[in-house]
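Novice: I'd like to ask you about the structure that follows.
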Number of protein chains: 2
Amino acid sequence: MTVTLRDVAAKAGVSAITVSRALNNTGYVSPHTRERINDAVATLNYIPNDLASSLRSKRTQLLALLVTDVTNPFWTTVARGVEDAAIDAGYGVILCNTDEDPAKEARYLDLLLRRRIDGLIIAPTTESTEILQDLERRTVPFVLMDRLVDGVCADIVRGDSRGGAYHLTMHLLQTGYKRIGMITGPSSVSTSEDRVAGYLAALDEMGIAHDPALICRGPYRRSTGYEATLDLLAQNPRPDALFAANNFIALGVLEALRNEGLRVPEDIALVCFDDFPHVTAGAPFLTTILQPAAEIGSAAIRLLLDRLANPDLEPREVVLPTELLVHTSCGCGKELRVASS
Amino acid sequence: MTVTLRDVAAKAGVSAITVSRALNNTGYVSPHTRERINDAVATLNYIPNDLASSLRSKRTQLLALLVTDVTNPFWTTVARGVEDAAIDAGYGVILCNTDEDPAKEARYLDLLLRRRIDGLIIAPTTESTEILQDLERRTVPFVLMDRLVDGVCADIVRGDSRGGAYHLTMHLLQTGYKRIGMITGPSSVSTSEDRVAGYLAALDEMGIAHDPALICRGPYRRSTGYEATLDLLAQNPRPDALFAANNFIALGVLEALRNEGLRVPEDIALVCFDDFPHVTAGAPFLTTILQPAAEIGSAAIRLLLDRLANPDLEPREVVLPTELLVHTSCGCGKELRVASS
DNA sequence: CTGAAAGCGCTTACAG
DNA sequence: CTGAAAGCGCTTACAG
């Protein structure tokens, strides 16, 4: 029923291996033979069976990318970078969304290992240590992305969270803000603590004592921004600026401020990490630290390919610089200028 | 090196088929044997090879979803609906982004057929006819999504574009707007023409002659909204309301209006299809027709599973109702109330 | 430049 | 309830 290599070989009057060699460009095939084979492939409408070839060759030419939230444009942009770079290298990419859920992550990983992917890029959830150590034991090639994990020594690509947070905080301080509320992710996620570290470093450099009550933590979600903002606004004295450690948190902050009747930046300043590029189209909705999402993706593929080529490589760390965008318009006509540089 | 079924069988002191039966719950295995097998699996850290089992059984338990733009939250929500429903049924889903590019679509399809996916759900690009007819010839089970294609008779799930556009237009007319500019997608995409049809039906019902100059077409992109808005604003008399046929077009419209110094809704009204749910969080940024994206996804899986179970089924069409949301806030504090119902 | 044989790791189909 | 044999559709390794 389905056309196989054997059928093509019969039609072309050659052996199966010769067809394999012609189609995969592995080994020599005379031009005349090649032509006959191509004709046979075309008339029979042959589609090779990658299951069979992968089973035999022990390579699938398939990589996987596990991200923690596909609804976040940061991650879709990373995914685009990964995919483009992978295709250039002749690999396909399977995109999986773990939703920050260790159970989902474990299920996907099991599925992927059963499919015998050649390697994977993973933005770990908050409890990935064991899963990753298991991968190390199985010598599955993988690259960490965005987040470091204690006890796991592997290639990693990430943005400069600490540096970015430092710049964002400095920007606020130099503009004259003094009491900056920091709303960040879980303490178990390295980006979250790195951003706190950058924030503290800037305060320190400017000789401002830091108030622990100004630092709020929670999942990288809208609700975290909303609730933390209400908490921070209840403080006395209340913050004159807020630092949202990611874009979703910033949305929650905006919502809470609106409900409280506070305007940005007239009543309170707001800055954040990442934005919503397709909505804001190059004009971030707040003063923002932008991470080079697509480059993070392509760098991860580069590390992974290097490792596939040479499994004994020492683990490497790639830290990509961030960009401070001081801004301006929210995409709907209302000006949200926080400060100018 | 890698642990195989044979190794597990040897360790458990049974044959390979028995292990296969135990792990797949196919056929009887005595409780005692099963226990020994489970122990062996655990101590050997066995991971089944799905390539081998798929090759033999001719089923991969894998479906594919081709969408035209993963950066559009409408499609990520659809994908979520597809994936959740697929997992419940024991299938994995491979998500592919065609970017409205027929070449990319063809490349993905080739890759997927080589991997022998069991079926696929496809939101076709503007030139998919041949590719889809090829799928029909190969009897690959597939379901169309969002868009009909001329000359292709297949299962399809879509939102009620015509009905939604009718309601949106009626809403404007009943609020008192009379000259409504329509900015829609390419005429080769069925949703685009359905939305025009709904728009025309509403005008007709209210006894308003339609002006062809008020209908602009282009890709479902921001730039289309931007350019068409400038064109429409140059008309005399100029429109008092604009209808953006999708969310990205609406962003371009907003940008153009802002550049022209026009406020929504004081100077001109604006309505659209779909919004940016994660950014606006339930409060659409404009008066909007919402399509039930997740339900479109799960319905597609249902049709596809039915077809896998029974390939001779007559093609079915599922049209899901849309919802009119009259609104309000743009997510950054500025009110964009267009009209009230 | 081309081929015959063996095998990747499973499951099907047939027995008992 | 369990097993021996065959085969899914390719590619590897060895020859010529």
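Ligands are numbered from 1 in the order shown, residues from 1 within each chain, and chains are lettered A, B, ... in the order they appear in the structure tokens.
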Write down as a VMD selection string the residues of stretch 164-215 of chain A whose backbone DSSP state falls under alpha helix (DSSP H).

Specialist: chain A and resid 164 to 175 190 to 205

Novice: Those residues you just picked out, can you put them in a file as a CSV table (one decimal), in the first residue's frame with N, CA and C atoms?

Specialist:
```csv
chain,number,residue,atom,x,y,z
A,164,GLY,N,20.8,43.9,33.6
A,164,GLY,CA,19.6,44.6,33.2
A,164,GLY,C,18.8,45.3,34.3
A,165,ALA,N,18.7,44.6,35.4
A,165,ALA,CA,18.0,45.1,36.6
A,165,ALA,C,18.8,46.3,37.2
A,166,TYR,N,20.1,46.1,37.1
A,166,TYR,CA,20.9,47.2,37.6
A,166,TYR,C,20.7,48.5,36.8
A,167,HIS,N,20.7,48.4,35.5
A,167,HIS,CA,20.4,49.6,34.7
A,167,HIS,C,19.1,50.2,34.9
A,168,LEU,N,18.1,49.3,35.0
A,168,LEU,CA,16.7,49.8,35.1
A,168,LEU,C,16.6,50.5,36.5
A,169,THR,N,17.2,50.0,37.5
A,169,THR,CA,17.1,50.6,38.8
A,169,THR,C,17.8,51.9,38.8
A,170,MET,N,19.0,51.9,38.2
A,170,MET,CA,19.8,53.1,38.1
A,170,MET,C,19.1,54.2,37.4
A,171,HIS,N,18.4,53.8,36.4
A,171,HIS,CA,17.6,54.7,35.6
A,171,HIS,C,16.6,55.4,36.5
A,172,LEU,N,15.9,54.7,37.3
A,172,LEU,CA,14.9,55.3,38.2
A,172,LEU,C,15.6,56.2,39.2
A,173,LEU,N,16.7,55.7,39.8
A,173,LEU,CA,17.3,56.5,40.8
A,173,LEU,C,17.9,57.8,40.3
A,174,GLN,N,18.4,57.7,39.1
A,174,GLN,CA,19.0,58.9,38.5
A,174,GLN,C,17.9,59.9,38.1
A,175,THR,N,16.7,59.4,37.8
A,175,THR,CA,15.6,60.3,37.5
A,175,THR,C,15.0,60.9,38.7
A,190,SER,N,16.3,31.5,39.0
A,190,SER,CA,17.6,32.2,39.1
A,190,SER,C,17.4,33.6,38.5
A,191,THR,N,16.6,33.8,37.4
A,191,THR,CA,16.4,35.1,36.9
A,191,THR,C,15.8,36.1,37.9
A,192,SER,N,14.9,35.5,38.7
A,192,SER,CA,14.3,36.4,39.7
A,192,SER,C,15.3,36.9,40.7
A,193,GLU,N,16.1,36.0,41.2
A,193,GLU,CA,17.1,36.4,42.2
A,193,GLU,C,18.2,37.3,41.6
A,194,ASP,N,18.5,37.0,40.3
A,194,ASP,CA,19.5,37.9,39.6
A,194,ASP,C,19.0,39.3,39.5
A,195,ARG,N,17.7,39.4,39.2
A,195,ARG,CA,17.1,40.8,39.1
A,195,ARG,C,17.1,41.5,40.4
A,196,VAL,N,16.8,40.7,41.4
A,196,VAL,CA,16.9,41.4,42.8
A,196,VAL,C,18.3,41.8,43.1
A,197,ALA,N,19.3,41.0,42.7
A,197,ALA,CA,20.7,41.3,43.0
A,197,ALA,C,21.1,42.6,42.2
A,198,GLY,N,20.6,42.7,41.0
A,198,GLY,CA,20.9,44.0,40.2
A,198,GLY,C,20.3,45.2,40.9
A,199,TYR,N,19.1,45.0,41.3
A,199,TYR,CA,18.3,46.1,42.0
A,199,TYR,C,19.1,46.5,43.2
A,200,LEU,N,19.5,45.5,44.0
A,200,LEU,CA,20.2,45.9,45.3
A,200,LEU,C,21.6,46.5,45.0
A,201,ALA,N,22.2,46.1,43.9
A,201,ALA,CA,23.5,46.6,43.6
A,201,ALA,C,23.4,48.1,43.3
A,202,ALA,N,22.4,48.4,42.5
A,202,ALA,CA,22.2,49.8,42.1
A,202,ALA,C,21.9,50.7,43.4
A,203,LEU,N,21.0,50.2,44.2
A,203,LEU,CA,20.7,50.9,45.5
A,203,LEU,C,21.9,51.2,46.2
A,204,ASP,N,22.7,50.1,46.4
A,204,ASP,CA,24.0,50.2,47.1
A,204,ASP,C,24.9,51.2,46.6
A,205,GLU,N,25.1,51.2,45.3
A,205,GLU,CA,26.0,52.1,44.6
A,205,GLU,C,25.5,53.6,44.8
```

Novice: Could you pull the residues within 12 Å of A:Asp240, counting only C-alpha atoms (C1' of nucleotides), minus those fewer than 2 positions along the same chain, as a ChimeraX atom specification?

Specialist: /A:172-173,175-182,214,229,232-233,235-238,242-243,262-271,338

Novice: Could you please take those selected residues and save N, CA and C atoms as a PDB file, in the first residue's frame?

Specialist:
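That gives us result.pdb:
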```
ATOM      1  N   LEU A 172      15.927  54.675  37.272  1.00  0.00           N
ATOM      2  CA  LEU A 172      14.933  55.260  38.169  1.00  0.00           C
ATOM      3  C   LEU A 172      15.580  56.170  39.203  1.00  0.00           C
ATOM      4  N   LEU A 173      16.670  55.698  39.778  1.00  0.00           N
ATOM      5  CA  LEU A 173      17.333  56.466  40.836  1.00  0.00           C
ATOM      6  C   LEU A 173      17.857  57.785  40.292  1.00  0.00           C
ATOM      7  N   THR A 175      16.744  59.378  37.834  1.00  0.00           N
ATOM      8  CA  THR A 175      15.643  60.261  37.469  1.00  0.00           C
ATOM      9  C   THR A 175      15.045  60.914  38.719  1.00  0.00           C
ATOM     10  N   GLY A 176      15.438  60.401  39.877  1.00  0.00           N
ATOM     11  CA  GLY A 176      14.985  61.050  41.105  1.00  0.00           C
ATOM     12  C   GLY A 176      14.082  60.207  41.988  1.00  0.00           C
ATOM     13  N   TYR A 177      13.741  59.029  41.519  1.00  0.00           N
ATOM     14  CA  TYR A 177      12.920  58.153  42.366  1.00  0.00           C
ATOM     15  C   TYR A 177      13.782  57.564  43.466  1.00  0.00           C
ATOM     16  N   LYS A 178      13.170  57.356  44.633  1.00  0.00           N
ATOM     17  CA  LYS A 178      13.971  56.943  45.792  1.00  0.00           C
ATOM     18  C   LYS A 178      13.496  55.654  46.427  1.00  0.00           C
ATOM     19  N   ARG A 179      12.187  55.448  46.372  1.00  0.00           N
ATOM     20  CA  ARG A 179      11.631  54.297  47.081  1.00  0.00           C
ATOM     21  C   ARG A 179      11.002  53.367  46.034  1.00  0.00           C
ATOM     22  N   ILE A 180      11.799  52.379  45.622  1.00  0.00           N
ATOM     23  CA  ILE A 180      11.406  51.548  44.483  1.00  0.00           C
ATOM     24  C   ILE A 180      10.913  50.181  44.943  1.00  0.00           C
ATOM     25  N   GLY A 181       9.636  49.915  44.709  1.00  0.00           N
ATOM     26  CA  GLY A 181       9.093  48.584  44.996  1.00  0.00           C
ATOM     27  C   GLY A 181       9.522  47.614  43.917  1.00  0.00           C
ATOM     28  N   MET A 182       9.968  46.425  44.333  1.00  0.00           N
ATOM     29  CA  MET A 182      10.445  45.412  43.384  1.00  0.00           C
ATOM     30  C   MET A 182       9.489  44.226  43.433  1.00  0.00           C
ATOM     31  N   LEU A 214      10.142  46.163  50.565  1.00  0.00           N
ATOM     32  CA  LEU A 214       9.861  46.641  49.207  1.00  0.00           C
ATOM     33  C   LEU A 214      10.000  45.540  48.158  1.00  0.00           C
ATOM     34  N   THR A 229       1.244  44.876  44.091  1.00  0.00           N
ATOM     35  CA  THR A 229       1.062  46.326  43.978  1.00  0.00           C
ATOM     36  C   THR A 229       0.144  46.839  45.078  1.00  0.00           C
ATOM     37  N   LEU A 232       2.124  46.883  48.244  1.00  0.00           N
ATOM     38  CA  LEU A 232       3.124  47.948  48.283  1.00  0.00           C
ATOM     39  C   LEU A 232       2.470  49.314  48.472  1.00  0.00           C
ATOM     40  N   LEU A 233       1.324  49.509  47.848  1.00  0.00           N
ATOM     41  CA  LEU A 233       0.642  50.805  47.961  1.00  0.00           C
ATOM     42  C   LEU A 233       0.126  51.044  49.370  1.00  0.00           C
ATOM     43  N   GLN A 235       1.781  50.445  51.979  1.00  0.00           N
ATOM     44  CA  GLN A 235       2.886  50.789  52.881  1.00  0.00           C
ATOM     45  C   GLN A 235       2.956  52.304  53.117  1.00  0.00           C
ATOM     46  N   ASN A 236       3.585  52.649  54.227  1.00  0.00           N
ATOM     47  CA  ASN A 236       3.754  54.053  54.559  1.00  0.00           C
ATOM     48  C   ASN A 236       5.196  54.293  54.984  1.00  0.00           C
ATOM     49  N   PRO A 237       5.999  55.091  54.278  1.00  0.00           N
ATOM     50  CA  PRO A 237       5.636  55.772  53.036  1.00  0.00           C
ATOM     51  C   PRO A 237       5.520  54.777  51.892  1.00  0.00           C
ATOM     52  N   ARG A 238       4.716  55.137  50.951  1.00  0.00           N
ATOM     53  CA  ARG A 238       4.537  54.190  49.854  1.00  0.00           C
ATOM     54  C   ARG A 238       5.581  54.443  48.763  1.00  0.00           C
ATOM     55  N   LEU A 242       7.807  51.525  40.786  1.00  0.00           N
ATOM     56  CA  LEU A 242       7.684  50.066  40.862  1.00  0.00           C
ATOM     57  C   LEU A 242       8.518  49.436  39.758  1.00  0.00           C
ATOM     58  N   PHE A 243       9.107  48.295  40.088  1.00  0.00           N
ATOM     59  CA  PHE A 243       9.952  47.549  39.164  1.00  0.00           C
ATOM     60  C   PHE A 243       9.309  46.172  39.011  1.00  0.00           C
ATOM     61  N   LEU A 262      -4.408  55.467  40.139  1.00  0.00           N
ATOM     62  CA  LEU A 262      -3.079  56.073  40.028  1.00  0.00           C
ATOM     63  C   LEU A 262      -2.614  56.074  38.578  1.00  0.00           C
ATOM     64  N   ARG A 263      -2.020  57.196  38.171  1.00  0.00           N
ATOM     65  CA  ARG A 263      -1.545  57.310  36.793  1.00  0.00           C
ATOM     66  C   ARG A 263      -0.040  57.059  36.719  1.00  0.00           C
ATOM     67  N   VAL A 264       0.380  56.474  35.596  1.00  0.00           N
ATOM     68  CA  VAL A 264       1.802  56.278  35.312  1.00  0.00           C
ATOM     69  C   VAL A 264       2.193  57.268  34.229  1.00  0.00           C
ATOM     70  N   PRO A 265       3.191  58.088  34.390  1.00  0.00           N
ATOM     71  CA  PRO A 265       4.093  58.157  35.538  1.00  0.00           C
ATOM     72  C   PRO A 265       3.755  59.300  36.503  1.00  0.00           C
ATOM     73  N   GLU A 266       2.626  60.003  36.276  1.00  0.00           N
ATOM     74  CA  GLU A 266       2.351  61.180  37.106  1.00  0.00           C
ATOM     75  C   GLU A 266       2.346  60.850  38.596  1.00  0.00           C
ATOM     76  N   ASP A 267       1.695  59.729  38.945  1.00  0.00           N
ATOM     77  CA  ASP A 267       1.552  59.409  40.358  1.00  0.00           C
ATOM     78  C   ASP A 267       2.592  58.411  40.852  1.00  0.00           C
ATOM     79  N   ILE A 268       3.026  57.560  39.951  1.00  0.00           N
ATOM     80  CA  ILE A 268       4.002  56.543  40.329  1.00  0.00           C
ATOM     81  C   ILE A 268       4.703  56.060  39.055  1.00  0.00           C
ATOM     82  N   ALA A 269       5.995  55.753  39.159  1.00  0.00           N
ATOM     83  CA  ALA A 269       6.734  55.281  37.985  1.00  0.00           C
ATOM     84  C   ALA A 269       6.642  53.768  37.887  1.00  0.00           C
ATOM     85  N   LEU A 270       6.819  53.253  36.672  1.00  0.00           N
ATOM     86  CA  LEU A 270       6.787  51.802  36.473  1.00  0.00           C
ATOM     87  C   LEU A 270       7.769  51.407  35.373  1.00  0.00           C
ATOM     88  N   VAL A 271       8.613  50.443  35.681  1.00  0.00           N
ATOM     89  CA  VAL A 271       9.536  49.900  34.684  1.00  0.00           C
ATOM     90  C   VAL A 271       9.430  48.372  34.734  1.00  0.00           C
ATOM     91  N   VAL A 338       8.040  57.508  31.347  1.00  0.00           N
ATOM     92  CA  VAL A 338       8.448  57.403  32.740  1.00  0.00           C
ATOM     93  C   VAL A 338       9.578  58.368  33.041  1.00  0.00           C
TER      94      VAL A 338
END
```

Novice: Would you give me, as an NGL selection string, the residues of chain A that come within 8 Å of chain C, using only C-alpha atoms (C1' of nucleotides)?

Specialist: :A and (15 or 17-18 or 28-30 or 55-58)

Novice: So that I have them on file, write out the residues from the current selection with C-alpha atoms, as a short mmCIF file (atom, residue, chain, number, x, y, z; two decimals), in the first residue's frame.

Specialist:
```cif
data_model
loop_
_atom_site.label_atom_id
_atom_site.label_comp_id
_atom_site.auth_asym_id
_atom_site.auth_seq_id
_atom_site.Cartn_x
_atom_site.Cartn_y
_atom_site.Cartn_z
CA SER A 15 19.07 -2.11 -5.18
CA ILE A 17 20.91 0.72 -0.76
CA THR A 18 21.58 2.55 -3.97
CA TYR A 28 28.52 7.67 -4.92
CA VAL A 29 25.74 7.12 -7.40
CA SER A 30 26.21 7.51 -11.14
CA LEU A 55 15.58 3.50 14.10
CA ARG A 56 18.45 2.19 12.05
CA SER A 57 20.73 5.21 12.08
CA LYS A 58 20.01 6.15 15.70
#
```

Novice: Of the residues A:Asp69, A:Asp160, A:Asp146, A:Asp306, which is the one nearest to chain B, using only C-alpha atoms?

Specialist: A:Asp69

Novice: Considering only C-alpha atoms, extract the chain B residues located within 6 Å of chain A and return them as number ranges by chain.

Specialist: B: 48-51, 55, 114-115, 258, 333

Novice: What is the distance between atom CA of A:Thr287 and atom CA of A:Leu324, in Å to one decimal?

Specialist: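 Here the two named atoms are 7.5 Å from each other.
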
Novice: Between A:Ala294, A:Val143, A:Ile121, A:Val152, which residue has the minimum interatomic distance to A:Val67, considering only C-alpha atoms?

Specialist: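 Looking only at the distances to A:Val67, the closest residue turns out to be A:Ile121.
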
Novice: Quick one: pull the distance between atom CA of B:Thr322 and atom CA of B:Asn310, Å, one decimal.

Specialist: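 Between these atoms lies a distance of 29.7 Å.
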